[in-house]
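**Student:** Hey, dropping target08.csv in here, CSV, C-alpha atoms and all ligand atoms:
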chain,number,residue,atom,x,y,z
A,255,GLY,CA,0.0,0.0,0.0
A,256,ALA,CA,3.0,2.4,0.3
A,257,ALA,CA,3.0,3.6,-3.3
A,258,ALA,CA,-0.8,4.1,-3.4
A,259,LEU,CA,-0.7,6.0,-0.1
A,260,ALA,CA,2.2,8.2,-1.3
A,261,GLY,CA,0.3,8.7,-4.6
A,262,SER,CA,-2.6,10.1,-2.7
A,263,LEU,CA,-0.5,12.9,-1.0
A,264,GLU,CA,-1.1,16.2,-2.7
A,265,GLY,CA,2.0,17.8,-1.3
A,266,LEU,CA,4.4,15.1,-2.7
A,267,ASN,CA,5.9,15.5,-6.1
A,268,GLN,CA,4.8,12.2,-7.8
A,269,GLN,CA,8.2,11.8,-9.4
A,270,PHE,CA,9.2,10.3,-6.1
A,271,VAL,CA,6.6,7.5,-6.2
A,272,PRO,CA,8.1,4.4,-7.8
A,273,LYS,CA,6.3,1.8,-9.8
A,274,LEU,CA,5.9,-1.4,-7.7
A,275,HIS,CA,6.1,-4.9,-9.2
A,276,TYR,CA,4.2,-7.6,-7.4
A,277,ALA,CA,6.0,-10.9,-6.9
A,278,LYS,CA,3.7,-13.3,-5.2
A,279,GLY,CA,5.2,-16.0,-3.1
A,280,ASN,CA,3.1,-19.2,-2.6
A,281,TYR,CA,3.6,-21.7,0.2
A,282,PHE,CA,2.6,-25.4,0.4
A,283,SER,CA,2.3,-27.5,3.5
A,284,VAL,CA,2.9,-31.2,3.8
A,285,ALA,CA,0.5,-33.6,5.5
A,286,GLY,CA,2.2,-35.5,8.4
A,287,ARG,CA,5.6,-34.8,9.8
A,288,ALA,CA,8.6,-34.0,7.7
A,289,PRO,CA,11.9,-35.5,8.7
A,290,PHE,CA,13.6,-32.2,9.4
A,291,SER,CA,14.5,-30.5,12.7
A,292,ARG,CA,16.0,-27.4,11.0
A,293,LEU,CA,15.2,-25.0,8.2
A,294,VAL,CA,16.5,-26.0,4.8
A,295,TYR,CA,17.6,-23.2,2.3
A,296,PRO,CA,18.5,-24.2,-1.2
A,297,VAL,CA,20.4,-21.9,-3.6
A,298,PRO,CA,18.3,-18.7,-4.2
A,299,GLU,CA,16.3,-18.3,-7.4
A,300,PRO,CA,15.9,-15.0,-9.3
A,301,GLY,CA,13.4,-12.8,-7.4
A,302,GLY,CA,13.3,-14.9,-4.2
A,303,LEU,CA,15.1,-17.2,-1.8
A,304,GLY,CA,14.0,-20.4,-3.4
A,305,VAL,CA,11.6,-23.0,-2.2
A,306,HIS,CA,12.9,-23.4,1.4
A,307,LEU,CA,11.5,-25.4,4.3
A,308,THR,CA,10.3,-23.7,7.5
A,309,LEU,CA,8.7,-25.4,10.5
A,310,ASP,CA,6.0,-23.7,12.5
A,311,LEU,CA,5.7,-23.9,16.3
A,312,ASP,CA,3.7,-27.2,15.9
A,313,GLY,CA,6.5,-28.7,13.8
A,314,VAL,CA,4.4,-28.6,10.6
A,315,ALA,CA,6.5,-28.2,7.5
A,316,ARG,CA,5.8,-25.4,5.0
A,317,PHE,CA,7.6,-25.1,1.7
A,318,GLY,CA,8.0,-21.9,-0.2
A,319,PRO,CA,7.9,-19.2,-1.4
A,320,ASP,CA,8.1,-19.4,-5.1
A,321,VAL,CA,8.0,-16.4,-7.4
A,322,GLU,CA,4.8,-15.6,-9.4
A,323,TRP,CA,4.8,-12.2,-11.0
A,324,THR,CA,1.3,-10.7,-10.9
A,325,ASP,CA,-0.7,-7.5,-11.3
A,326,GLN,CA,-3.4,-8.5,-8.8
A,327,LEU,CA,-3.5,-8.6,-5.0
A,328,ASP,CA,-5.0,-12.0,-5.0
A,329,TYR,CA,-3.7,-14.2,-2.2
A,330,ARG,CA,-5.4,-17.5,-3.3
A,331,VAL,CA,-2.8,-20.3,-3.9
A,332,ASP,CA,-3.2,-22.1,-7.2
A,333,PRO,CA,-2.9,-25.8,-6.4
A,334,ALA,CA,-1.4,-26.4,-9.9
A,335,ARG,CA,1.8,-24.5,-8.8
A,336,GLY,CA,2.4,-27.4,-6.4
A,337,GLU,CA,3.7,-29.5,-9.3
A,338,ARG,CA,6.9,-27.5,-9.5
A,339,PHE,CA,7.4,-27.7,-5.7
A,340,TYR,CA,7.7,-31.5,-5.9
A,341,SER,CA,10.7,-31.4,-8.1
A,342,GLU,CA,12.3,-28.6,-6.1
A,343,ILE,CA,11.7,-30.2,-2.7
A,344,ARG,CA,12.9,-33.7,-3.9
A,345,LYS,CA,16.3,-32.1,-4.6
A,346,TYR,CA,16.8,-32.3,-0.8
A,347,TRP,CA,13.9,-34.7,0.2
A,348,PRO,CA,13.8,-37.4,-2.5
A,349,ASP,CA,11.2,-39.5,-0.5
A,350,LEU,CA,8.5,-36.8,-0.6
A,351,ALA,CA,5.4,-38.8,-1.5
A,352,ASP,CA,3.2,-37.9,-4.5
A,353,GLY,CA,0.0,-36.0,-3.4
A,354,SER,CA,1.4,-35.0,0.0
A,355,LEU,CA,1.5,-31.2,-0.7
A,356,GLN,CA,-1.4,-28.9,-0.1
A,357,PRO,CA,-1.8,-25.2,-0.7
A,358,ALA,CA,-1.1,-23.2,2.5
A,359,TYR,CA,-0.9,-19.4,2.0
A,360,SER,CA,0.8,-16.7,0.0
A,361,GLY,CA,2.4,-13.3,0.4
A,362,ILE,CA,3.1,-10.6,-2.1
A,363,ARG,CA,6.5,-8.9,-2.3
A,364,PRO,CA,6.3,-5.2,-3.3
A,365,LYS,CA,9.3,-5.1,-5.5
A,366,LEU,CA,11.0,-2.1,-7.0
A,367,SER,CA,12.6,-4.3,-9.7
A,368,GLY,CA,10.6,-6.2,-12.3
A,369,PRO,CA,11.1,-9.6,-13.9
A,370,GLY,CA,14.6,-10.1,-15.2
A,371,GLU,CA,15.9,-6.9,-13.6
A,372,ALA,CA,18.7,-6.7,-11.0
A,373,ASN,CA,17.4,-6.8,-7.4
A,374,ALA,CA,16.7,-3.3,-6.1
A,375,ASP,CA,17.5,-2.1,-2.5
A,376,PHE,CA,15.0,-0.7,-0.1
A,377,VAL,CA,14.2,3.0,-0.7
A,378,VAL,CA,13.8,5.4,2.2
A,379,GLN,CA,12.9,9.0,1.3
A,380,ASP,CA,12.9,11.8,3.8
A,381,VAL,CA,12.6,15.6,3.6
A,382,ALA,CA,16.1,15.8,2.2
A,383,VAL,CA,14.9,13.8,-0.8
A,384,HIS,CA,11.4,15.0,-1.5
A,385,GLY,CA,11.2,18.2,0.5
A,386,VAL,CA,8.1,17.4,2.5
A,387,ASP,CA,8.6,17.9,6.2
A,388,SER,CA,7.8,15.0,8.6
A,389,LEU,CA,7.1,12.5,5.7
A,390,VAL,CA,9.2,9.4,5.4
A,391,ASN,CA,8.4,7.1,2.5
A,392,LEU,CA,9.5,3.4,2.6
A,393,PHE,CA,9.3,1.6,-0.7
A,394,GLY,CA,10.2,-1.9,-1.7
A,395,ILE,CA,10.4,-3.2,1.8
A,396,GLU,CA,10.2,-6.9,0.8
A,397,SER,CA,12.4,-9.7,2.1
A,398,PRO,CA,14.3,-9.3,4.3
A,399,GLY,CA,12.2,-6.4,5.6
A,400,LEU,CA,11.1,-8.3,8.6
A,401,THR,CA,14.6,-9.1,9.7
A,402,SER,CA,15.6,-5.5,9.0
A,403,CYS,CA,12.6,-3.8,10.7
A,404,LEU,CA,14.2,-2.6,13.9
A,405,THR,CA,17.1,-1.1,12.1
A,406,ILE,CA,14.7,0.5,9.6
A,407,ALA,CA,12.6,1.9,12.5
A,408,ASP,CA,15.8,3.4,14.1
A,409,HIS,CA,16.6,5.0,10.7
A,410,VAL,CA,13.1,6.4,10.3
A,411,ALA,CA,13.2,7.8,13.9
A,412,GLN,CA,16.5,9.6,13.0
A,413,CYS,CA,14.9,11.0,9.8
A,414,LEU,CA,12.0,12.4,11.8
A,415,ALA,CA,14.0,13.7,14.8
A,416,PRO,CA,17.7,13.8,13.8
A,417,LYS,CA,18.8,15.6,17.0
A,418,LEU,CA,17.5,12.9,19.4
A,501,LIG,C1,6.6,-14.3,0.3
A,501,LIG,C2,7.3,-13.4,1.2
A,501,LIG,C3,8.4,-13.9,1.9
A,501,LIG,C4,9.1,-13.1,2.8
A,501,LIG,N1,10.2,-13.6,3.5
A,501,LIG,C5,10.8,-12.9,4.3
A,501,LIG,C6,11.9,-13.4,5.1
A,501,LIG,O1,12.2,-14.6,5.0
A,501,LIG,N2,12.6,-12.6,5.9
A,501,LIG,C7,12.2,-11.3,6.0
A,501,LIG,O2,12.9,-10.6,6.8
A,501,LIG,N3,11.2,-10.7,5.4
A,501,LIG,C8,10.5,-11.5,4.5
A,501,LIG,N4,9.5,-11.0,3.8
A,501,LIG,C9,9.2,-9.5,3.9
A,501,LIG,C10,8.4,-9.1,5.0
A,501,LIG,O3,7.2,-9.9,5.1
A,501,LIG,C11,8.1,-7.6,4.8
A,501,LIG,O4,9.3,-6.9,4.6
A,501,LIG,C12,7.4,-7.0,6.0
A,501,LIG,O5,6.2,-7.7,6.3
A,501,LIG,C13,7.1,-5.5,5.7
A,501,LIG,O6,6.5,-4.9,6.8
A,501,LIG,P1,5.7,-3.6,6.7
A,501,LIG,O7,5.2,-3.3,8.0
A,501,LIG,O8,6.5,-2.6,6.0
A,501,LIG,O9,4.5,-3.9,5.7
A,501,LIG,P2,3.3,-4.9,5.8
A,501,LIG,O10,3.6,-6.1,6.7
A,501,LIG,O11,2.8,-5.1,4.4
A,501,LIG,O12,2.2,-4.0,6.6
A,501,LIG,C14,1.6,-2.9,6.0
A,501,LIG,C15,0.2,-2.7,6.6
A,501,LIG,O13,-0.4,-1.5,6.2
A,501,LIG,C16,-1.7,-1.8,5.9
A,501,LIG,N5,-2.1,-0.7,4.9
A,501,LIG,C17,-1.9,-0.6,3.6
A,501,LIG,N6,-2.4,0.5,3.1
A,501,LIG,C18,-3.0,1.2,4.1
A,501,LIG,C19,-3.7,2.4,4.3
A,501,LIG,N7,-3.9,3.2,3.2
A,501,LIG,N8,-4.1,2.8,5.5
A,501,LIG,C20,-3.9,2.0,6.6
A,501,LIG,N9,-3.2,0.8,6.5
A,501,LIG,C21,-2.8,0.4,5.3
A,501,LIG,C22,-1.7,-3.2,5.3
A,501,LIG,O14,-3.0,-3.7,5.4
A,501,LIG,C23,-0.7,-3.9,6.2
A,501,LIG,O15,-1.3,-4.4,7.3
A,501,LIG,C24,8.7,-11.8,2.9
A,501,LIG,C25,7.6,-11.3,2.2
A,501,LIG,C26,6.9,-12.1,1.4
A,501,LIG,C27,5.7,-11.5,0.6
Take the structure I supplied and represent it as structure tokens, if you would.
**Tutor:**
Amino acid sequence: GAAALAGSLEGLNQQFVPKLHYAKGNYFSVAGRAPFSRLVYPVPEPGGLGVHLTLDLDGVARFGPDVEWTDQLDYRVDPARGERFYSEIRKYWPDLADGSLQPAYSGIRPKLSGPGEANADFVVQDVAVHGVDSLVNLFGIESPGLTSCLTIADHVAQCLAPKL
């Protein structure tokens, strides 16, 4: 929502509002217990980290995310995308049984770079960039935005109150 929100601000020169590219990431879960006690990260793919394994607090295994470029904010997971997951997961879990994956959930990465382009960094704009006092724009805060959130928050606080 960051670009739409910034786009609605009358005092902001719209040249500072970038075009966002949506890269949906779908996850699939596996019925029963997976034979892993740790996360598994394969080599990253363009646009994302690759189909990795995470375990939730109940020990349920989830695989994902993939990269599905889209224009829509539609969070439904297409079951057909599971087919590609089998081959990816079997690279590190050859015994994964046919039919054991089910659609879990999805998220949508708000990317500043489109398909085939080099990954863009996060963009933080303060008054020094756009000239609007007390406005800090954050664009393209996709992965690893969660990992980075405390540092980003400190940075935003400094933008708003540099003397503190
Ligand atoms: C598939 C996927 C995998 C990811 N993997 C990782 C990972 O492994 N590690 C990592 O660190 N990060 C990861 N991320 C990135 C991480 O999820 C984001 O960087 C983080 O959630 C961004 O937080 P945020 O608060 O900026 O935005 P959001 O979490 O998107 O929160 C913004 C909120 O604002 C609300 N909103 C929007 N417009 C308005 C409006 N006009 N008025 C009021 N509210 C509004 C939205 O509803 C939303 O609740 C991943 C993201 C995706 C999609």
**Student:** Would you mind listing the residues within 6 Å of ligand LIG 501 (chain A), counting all atoms listed in the file, as a list in words?
**Tutor:**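 I would give the residues around ligand LIG 501 (chain A) as Gly255, Leu259, Gly279, Pro319, Gly361, Ile362, Arg363, Ile395, Glu396, Ser397, Pro398, Gly399, Leu400 and Thr401 of chain A.
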**Student:** Between A:Ala315, A:Leu303, A:Leu263, A:Ala411, which residue has the minimum interatomic distance to Ser354 in chain A, considering only C-alpha atoms?
**Tutor:**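 Closest to Ser354 in chain A, using only C-alpha atoms: A:Ala315.
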**Student:** Report, in Å with one decimal, the straight-line distance from CA of Val410 in chain A to CA of Val390 in chain A.
**Tutor:** 6.9 Å
**Student:** Sorted by chain and rising residue number, list the residues of range 260-296 of chain A at most 10 Å from range 366-373 of chain A (counting only C-alpha atoms), each with its closest atom pair and distance in Å to one decimal, as a Markdown table.
**Tutor:**
| residue | atom | partner | partner_atom | distance |
| --- | --- | --- | --- | --- |
| A:Pro272 | CA | A:Leu366 | CA | 7.2 |
| A:Lys273 | CA | A:Leu366 | CA | 6.7 |
| A:Leu274 | CA | A:Leu366 | CA | 5.2 |
| A:His275 | CA | A:Gly368 | CA | 5.6 |
| A:Tyr276 | CA | A:Gly368 | CA | 8.2 |
| A:Ala277 | CA | A:Gly368 | CA | 8.5 |
**Student:** Using the selection just defined, write its residues with C-alpha atoms as a PDB file, in the coordinates of the input.
**Tutor:**
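Final output, saved to result-v6.pdb:
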ATOM      1  CA  PRO A 272       8.100   4.400  -7.800  1.00  0.00           C
ATOM      2  CA  LYS A 273       6.300   1.800  -9.800  1.00  0.00           C
ATOM      3  CA  LEU A 274       5.900  -1.400  -7.700  1.00  0.00           C
ATOM      4  CA  HIS A 275       6.100  -4.900  -9.200  1.00  0.00           C
ATOM      5  CA  TYR A 276       4.200  -7.600  -7.400  1.00  0.00           C
ATOM      6  CA  ALA A 277       6.000 -10.900  -6.900  1.00  0.00           C
TER       7      ALA A 277
END
**Student:** Excluding Arg316 in chain A and any residue of its chain fewer than 3 positions from it, enumerate the residues within 10 Å of it, using only C-alpha atoms, and give them as an NGL selection string.
**Tutor:** :A and (281-285 or 288 or 293 or 305-310 or 313 or 319 or 355-359)
**Student:** To one decimal in Å, tell me the separation between CA of Gly318 in chain A and CA of Tyr346 in chain A.
**Tutor:** 13.6 Å
**Student:** For the atom pair CA of Arg330 in chain A and CA of Gly304 in chain A, what is the interatomic distance in Å to one decimal place?
**Tutor:**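 It comes out at 19.6 Å.
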